[in-house]
Amino acid sequence: MSLIPTSSLNEGGIITEAGNAAAFKTGDWRSNVPQWVPENCIHCMFCWIYCPDSAVAIDSTGEKTVMTGFVFEHCKGCGICAQHCPPAAKGKAAIVMVRDEK
Amino acid sequence: MKQIYVGLTGNEAVATAFKQARPHVAPAFPITPQTEMMHKFADFVADGAVDTEMILVESEHSAMSAAIGSAATGARTFTATSSAGFALMWEVIYVAASLRLPICMPVVNRALSGNINIHNDHSDAMGGRDAGWIQMWCENTQEAYDHALMCWRIAEHKDVRLPVMINYDGFIISHTAESLHILPDEDAWKFIGPKDLKTGYSLLDMDHPITVGPLDLTDYYFEHKVSQIEALKRAPKYIAEVYKEFGQLTGRHYSFFEEYRTDDADLVIVALGSTAGTAKDVIDAQREKGVKVGLLKIHMFRPFPAVELAKALSKAKVVGVMDKSASFGGWGGPLFNEIRSALYDLPARPKIHNWVYGLGGRDTDTKQIVSLIEQLQAIAKGREAETVNLLGVRL
């Protein structure tokens, strides 16, 4: 994202566009990272609804909305998604937290 | 234009000016000596003389917070405070300036605790001098009234958009009845005019939703502060325009600072507020004895007119700066520091000394000013003197 100079800023630092939090990348300081195991996923959307940011990617264009993975530019590795992921398929959860080695 | 000659206290006069500005919203919380101003304004509201929405809040922090919310919708908004109330507003007075909200606020100057003291000095507003507000200082009731009219034109100007503090001395001005000229309501309204709701932004503009006061970290905070610095740099041009228009309308001509008998003055006293009035009387008496002394009284302390002041003081031999607040552990008071710094680049600088005086409302009588002038005379003749001095205190 290119940074705006002082001369072009809005008065008082107001933001005039809606929903621009997506442009603010905040996923660069996590220590843990969620891993998605698609074969265990029942697409319940718990992870999507509990995610405090917008780090769960979904596809809602089909007949049934499905989880498609994570947006790591926004994921801070808080683990709430893994905490709420129900171990529905074969007793195994679809999200597991691992150490982020990057 | 025909003006009305009346007798009012400073608080009554300012309340009258604010009634004439027809503000939309006024959050209020009492503190001596400001309280009477809001009492008077509340009378106007109760009598139907103005239809301002008054919000009776639970603290000054809330008063300024409510003012910020109100002004962010585009409403013409004022509140008022003094001393500890100003201190409690501390956090949010910065927010008002950072959001570029044209709030007007009388600061009826009073000492800060402790120990608790209700009388006048300038510690309260001086503590807020770097908050990003325009600061105007008044010598008497007439000046307080006039600035309470003009502040709206300055604050709301599309190229300024900054909050304005109007400082007048607690009790000395706020509670003392003086004669003054006020404008008829309709003429005052013609001068101030309705708030231009198209200027700036509004939280209530549903077609153009905005976010006000978001998190502002290492990538943008600095740029936003620079834009505030730039806004304050632009302000003097428009303040001068408003002063000029007001002068043409009323015959009362203001400028960033008033020079009283300084033309041929070897000795110049610099002061803020009501002390300037006492100093003028003493200067008149001293002039009759042949002492070449004058006064420079500052109206606009923020933004600070450094270049103009340096020019005005360049011909003096000795400058005595009076500070009605102490900068604990500092090298002289806040006014002294600004003036001394402004003089630094002059090819030939006058000698400059500081007198801290009048703390906690200690009466500053003519004898004290005479003694100050005698000290300036001695310094002019070569006597060594401390850089920072005290006036009117038992040692």
# chains A, B, ... in the order shown; residues from 1 in each chain; ligands from 1

$ interface_residues --of "chain A" --to "chain B" --cutoff "7 Å" --atoms "only C-alpha atoms" --output "PyMOL selection string"
chain A and resi 6+11-17

$ write_last_selection --atoms "N, CA and C atoms" --output "PDB file, in the first residue's frame"
ATOM      1  N   THR A   6       1.461  14.248   3.600  1.00  0.00           N
ATOM      2  CA  THR A   6       0.684  15.165   4.438  1.00  0.00           C
ATOM      3  C   THR A   6      -0.251  16.037   3.605  1.00  0.00           C
ATOM      4  N   GLU A  11      -8.661  16.150   6.282  1.00  0.00           N
ATOM      5  CA  GLU A  11      -8.636  16.973   7.490  1.00  0.00           C
ATOM      6  C   GLU A  11      -8.962  16.128   8.729  1.00  0.00           C
ATOM      7  N   GLY A  12      -8.163  16.281   9.767  1.00  0.00           N
ATOM      8  CA  GLY A  12      -8.451  15.594  11.027  1.00  0.00           C
ATOM      9  C   GLY A  12      -8.248  14.086  10.978  1.00  0.00           C
ATOM     10  N   GLY A  13      -7.630  13.598   9.905  1.00  0.00           N
ATOM     11  CA  GLY A  13      -7.369  12.161   9.816  1.00  0.00           C
ATOM     12  C   GLY A  13      -8.620  11.317   9.658  1.00  0.00           C
ATOM     13  N   ILE A  14      -9.682  11.912   9.141  1.00  0.00           N
ATOM     14  CA  ILE A  14     -10.905  11.112   8.970  1.00  0.00           C
ATOM     15  C   ILE A  14     -10.738  10.153   7.792  1.00  0.00           C
ATOM     16  N   ILE A  15     -11.476   9.063   7.859  1.00  0.00           N
ATOM     17  CA  ILE A  15     -11.454   8.061   6.787  1.00  0.00           C
ATOM     18  C   ILE A  15     -12.800   8.134   6.074  1.00  0.00           C
ATOM     19  N   THR A  16     -12.745   8.322   4.763  1.00  0.00           N
ATOM     20  CA  THR A  16     -13.994   8.541   4.028  1.00  0.00           C
ATOM     21  C   THR A  16     -14.452   7.316   3.255  1.00  0.00           C
ATOM     22  N   GLU A  17     -13.643   6.257   3.235  1.00  0.00           N
ATOM     23  CA  GLU A  17     -14.132   5.060   2.543  1.00  0.00           C
ATOM     24  C   GLU A  17     -14.511   4.004   3.581  1.00  0.00           C
TER      25      GLU A  17
END

$ residues_around --residues "segment 88-102 of chain A" --least-positions-apart "3" --cutoff "7 Å" --atoms "only C-alpha atoms" --output "PyMOL selection string"
chain A and resi 31-38+40-41+79+82+85

$ write_last_selection --atoms "N, CA and C atoms" --output "PDB file, in the first residue's frame"
ATOM      1  N   SER A  31       2.898 -15.667  16.299  1.00  0.00           N
ATOM      2  CA  SER A  31       3.884 -16.700  16.602  1.00  0.00           C
ATOM      3  C   SER A  31       3.318 -18.094  16.355  1.00  0.00           C
ATOM      4  N   ASN A  32       2.004 -18.206  16.349  1.00  0.00           N
ATOM      5  CA  ASN A  32       1.379 -19.485  15.985  1.00  0.00           C
ATOM      6  C   ASN A  32       0.528 -19.274  14.735  1.00  0.00           C
ATOM      7  N   VAL A  33       0.291 -20.371  14.014  1.00  0.00           N
ATOM      8  CA  VAL A  33      -0.445 -20.230  12.771  1.00  0.00           C
ATOM      9  C   VAL A  33      -1.443 -21.391  12.652  1.00  0.00           C
ATOM     10  N   PRO A  34      -2.668 -21.102  12.192  1.00  0.00           N
ATOM     11  CA  PRO A  34      -3.617 -22.204  12.034  1.00  0.00           C
ATOM     12  C   PRO A  34      -3.335 -22.995  10.741  1.00  0.00           C
ATOM     13  N   GLN A  35      -3.482 -24.301  10.854  1.00  0.00           N
ATOM     14  CA  GLN A  35      -3.371 -25.142   9.653  1.00  0.00           C
ATOM     15  C   GLN A  35      -4.736 -25.754   9.396  1.00  0.00           C
ATOM     16  N   TRP A  36      -5.150 -25.704   8.151  1.00  0.00           N
ATOM     17  CA  TRP A  36      -6.470 -26.221   7.779  1.00  0.00           C
ATOM     18  C   TRP A  36      -6.305 -27.633   7.218  1.00  0.00           C
ATOM     19  N   VAL A  37      -7.119 -28.556   7.738  1.00  0.00           N
ATOM     20  CA  VAL A  37      -7.082 -29.941   7.248  1.00  0.00           C
ATOM     21  C   VAL A  37      -8.409 -30.174   6.512  1.00  0.00           C
ATOM     22  N   PRO A  38      -8.432 -29.963   5.198  1.00  0.00           N
ATOM     23  CA  PRO A  38      -9.696 -29.960   4.450  1.00  0.00           C
ATOM     24  C   PRO A  38     -10.507 -31.257   4.614  1.00  0.00           C
ATOM     25  N   ASN A  40     -11.007 -33.023   7.135  1.00  0.00           N
ATOM     26  CA  ASN A  40     -11.752 -33.060   8.392  1.00  0.00           C
ATOM     27  C   ASN A  40     -12.821 -31.961   8.479  1.00  0.00           C
ATOM     28  N   CYS A  41     -12.867 -31.102   7.494  1.00  0.00           N
ATOM     29  CA  CYS A  41     -13.727 -29.899   7.571  1.00  0.00           C
ATOM     30  C   CYS A  41     -15.151 -30.202   7.123  1.00  0.00           C
ATOM     31  N   GLY A  79      -5.740 -18.372  17.515  1.00  0.00           N
ATOM     32  CA  GLY A  79      -6.165 -19.746  17.815  1.00  0.00           C
ATOM     33  C   GLY A  79      -7.631 -19.895  18.176  1.00  0.00           C
ATOM     34  N   ALA A  82      -9.306 -22.494  15.987  1.00  0.00           N
ATOM     35  CA  ALA A  82      -8.978 -23.887  16.340  1.00  0.00           C
ATOM     36  C   ALA A  82      -9.746 -24.310  17.595  1.00  0.00           C
ATOM     37  N   CYS A  85     -13.301 -25.118  16.468  1.00  0.00           N
ATOM     38  CA  CYS A  85     -13.467 -26.077  15.369  1.00  0.00           C
ATOM     39  C   CYS A  85     -13.973 -27.412  15.939  1.00  0.00           C
TER      40      CYS A  85
END

$ select_by_dssp --residues "segment 169-390 of chain B" --states "alpha helix (DSSP H)" --output "ChimeraX atom specification"
/B:185-192,221-250,275-288,306-313,334-343,366-380

$ select_by_dssp --residues "segment 167-367 of chain B" --states "strand (DSSP E)" --output "PyMOL selection string"
chain B and resi 167-169+178-182+257-260+267-271+293-298+300-302+318-323+351-357

$ atom_distance --atom1 "atom CA of Leu183 of chain B" --atom2 "atom CA of Ala75 of chain B"
23.6 Å

$ residues_around --residues "Ser54 of chain A" --least-positions-apart "5" --cutoff "8 Å" --atoms "only C-alpha atoms" --output "PyMOL selection string"
chain A and resi 22+48+71+74-75

$ atom_distance --atom1 "atom CA of Gly62 of chain A" --atom2 "atom CA of Gln83 of chain A"
27.1 Å

$ residues_around --residues "segment 6-12 of chain B" --least-positions-apart "2" --cutoff "8 Å" --atoms "only C-alpha atoms" --output "mmCIF file with C-alpha atoms, in the first residue's frame"
data_model
loop_
_atom_site.group_PDB
_atom_site.id
_atom_site.type_symbol
_atom_site.label_atom_id
_atom_site.label_comp_id
_atom_site.auth_asym_id
_atom_site.auth_seq_id
_atom_site.Cartn_x
_atom_site.Cartn_y
_atom_site.Cartn_z
ATOM 1 C CA ILE B 4 -25.348 49.457 22.902
ATOM 2 C CA VAL B 14 -19.150 36.497 26.991
ATOM 3 C CA ALA B 15 -22.474 34.729 27.582
ATOM 4 C CA THR B 16 -24.154 37.553 25.642
ATOM 5 C CA GLN B 34 -16.413 30.082 34.865
ATOM 6 C CA GLU B 36 -21.460 32.277 36.183
ATOM 7 C CA MET B 37 -20.873 32.414 32.426
ATOM 8 C CA LYS B 40 -26.055 33.416 32.352
ATOM 9 C CA ASN B 140 -10.905 43.447 29.906
ATOM 10 C CA THR B 141 -14.599 42.754 29.496
ATOM 11 C CA GLN B 142 -14.824 44.554 26.145
ATOM 12 C CA ALA B 144 -13.533 39.243 26.067
ATOM 13 C CA TYR B 145 -16.898 40.092 24.466
ATOM 14 C CA TYR B 168 -9.847 36.123 30.408
ATOM 15 C CA ILE B 173 -12.472 40.206 34.452
ATOM 16 C CA SER B 174 -15.040 37.448 34.905
ATOM 17 C CA HIS B 175 -16.796 38.893 37.971
ATOM 18 C CA THR B 176 -16.095 42.618 37.683
ATOM 19 C CA ALA B 177 -18.748 44.758 36.056
ATOM 20 C CA GLU B 178 -17.346 47.086 33.431
ATOM 21 C CA SER B 179 -18.934 49.313 30.848
ATOM 22 C CA LEU B 180 -18.615 48.100 27.290
ATOM 23 C CA HIS B 181 -20.161 48.392 23.850
ATOM 24 C CA ILE B 182 -22.091 45.410 22.597
#

$ residues_around --residues "Glu53 of chain B" --least-positions-apart "6" --cutoff "9 Å" --atoms "only C-alpha atoms" --output "JSON, numbers by chain"
{"B": [23, 24, 25, 26, 27, 45]}

$ residues_around --residues "Thr26 of chain A" --least-positions-apart "3" --cutoff "10 Å" --atoms "only C-alpha atoms" --output "list in words"
Ala21, Ala22, Ala23, Trp29, Arg30, Asp53, Phe72, Glu73, His74, Cys75 and Lys76 of chain A

$ write_last_selection --atoms "N, CA and C atoms" --output "PDB file, in the first residue's frame"
ATOM      1  N   ALA A  21     -10.538  -1.625   6.286  1.00  0.00           N
ATOM      2  CA  ALA A  21      -9.646  -2.344   7.201  1.00  0.00           C
ATOM      3  C   ALA A  21      -8.881  -3.434   6.461  1.00  0.00           C
ATOM      4  N   ALA A  22      -9.481  -3.933   5.374  1.00  0.00           N
ATOM      5  CA  ALA A  22      -8.820  -4.991   4.601  1.00  0.00           C
ATOM      6  C   ALA A  22      -7.486  -4.520   4.032  1.00  0.00           C
ATOM      7  N   ALA A  23      -7.372  -3.195   3.830  1.00  0.00           N
ATOM      8  CA  ALA A  23      -6.139  -2.662   3.259  1.00  0.00           C
ATOM      9  C   ALA A  23      -5.024  -2.537   4.295  1.00  0.00           C
ATOM     10  N   TRP A  29       2.835 -10.431  12.676  1.00  0.00           N
ATOM     11  CA  TRP A  29       3.452 -10.551  13.994  1.00  0.00           C
ATOM     12  C   TRP A  29       2.929 -11.725  14.819  1.00  0.00           C
ATOM     13  N   ARG A  30       2.393 -12.781  14.122  1.00  0.00           N
ATOM     14  CA  ARG A  30       1.912 -13.939  14.900  1.00  0.00           C
ATOM     15  C   ARG A  30       3.078 -14.880  15.213  1.00  0.00           C
ATOM     16  N   ASP A  53     -10.819 -11.136  13.301  1.00  0.00           N
ATOM     17  CA  ASP A  53     -10.430 -10.293  12.161  1.00  0.00           C
ATOM     18  C   ASP A  53     -11.198 -10.798  10.933  1.00  0.00           C
ATOM     19  N   PHE A  72      -3.619 -14.986   5.397  1.00  0.00           N
ATOM     20  CA  PHE A  72      -2.544 -14.787   6.382  1.00  0.00           C
ATOM     21  C   PHE A  72      -2.084 -13.342   6.500  1.00  0.00           C
ATOM     22  N   GLU A  73      -2.522 -12.469   5.615  1.00  0.00           N
ATOM     23  CA  GLU A  73      -2.219 -11.036   5.769  1.00  0.00           C
ATOM     24  C   GLU A  73      -2.978 -10.444   6.958  1.00  0.00           C
ATOM     25  N   HIS A  74      -4.014 -11.160   7.423  1.00  0.00           N
ATOM     26  CA  HIS A  74      -4.794 -10.645   8.548  1.00  0.00           C
ATOM     27  C   HIS A  74      -4.783 -11.548   9.771  1.00  0.00           C
ATOM     28  N   CYS A  75      -4.358 -12.802   9.615  1.00  0.00           N
ATOM     29  CA  CYS A  75      -4.366 -13.745  10.738  1.00  0.00           C
ATOM     30  C   CYS A  75      -3.241 -13.425  11.717  1.00  0.00           C
ATOM     31  N   LYS A  76      -3.617 -13.290  13.014  1.00  0.00           N
ATOM     32  CA  LYS A  76      -2.618 -13.001  14.043  1.00  0.00           C
ATOM     33  C   LYS A  76      -2.289 -14.230  14.870  1.00  0.00           C
TER      34      LYS A  76
END

$ closest_residue --among "B:Phe301, B:Thr366, B:Ala72, B:Ser314" --to "Asp284 of chain B" --atoms "only C-alpha atoms"
B:Thr366

$ residues_around --residues "Cys44 of chain A" --least-positions-apart "6" --cutoff "9 Å" --atoms "only C-alpha atoms" --output "JSON, numbers by chain"
{"A": [66, 67, 85, 86]}

$ write_last_selection --atoms "C-alpha atoms" --output "PDB file, in the first residue's frame"
ATOM      1  CA  VAL A  66     -17.556 -23.389   1.998  1.00  0.00           C
ATOM      2  CA  MET A  67     -14.382 -22.571   3.889  1.00  0.00           C
ATOM      3  CA  CYS A  85     -13.467 -26.077  15.369  1.00  0.00           C
ATOM      4  CA  PRO A  86     -15.731 -29.078  16.169  1.00  0.00           C
TER       5      PRO A  86
END

$ closest_residue --among "B:Gly273, B:Pro33, B:Pro194, B:Gly251" --to "His122 of chain B" --atoms "only C-alpha atoms"
B:Gly273

$ atom_distance --atom1 "atom CA of Phe46 of chain A" --atom2 "atom CA of Ile80 of chain A"
9.8 Å
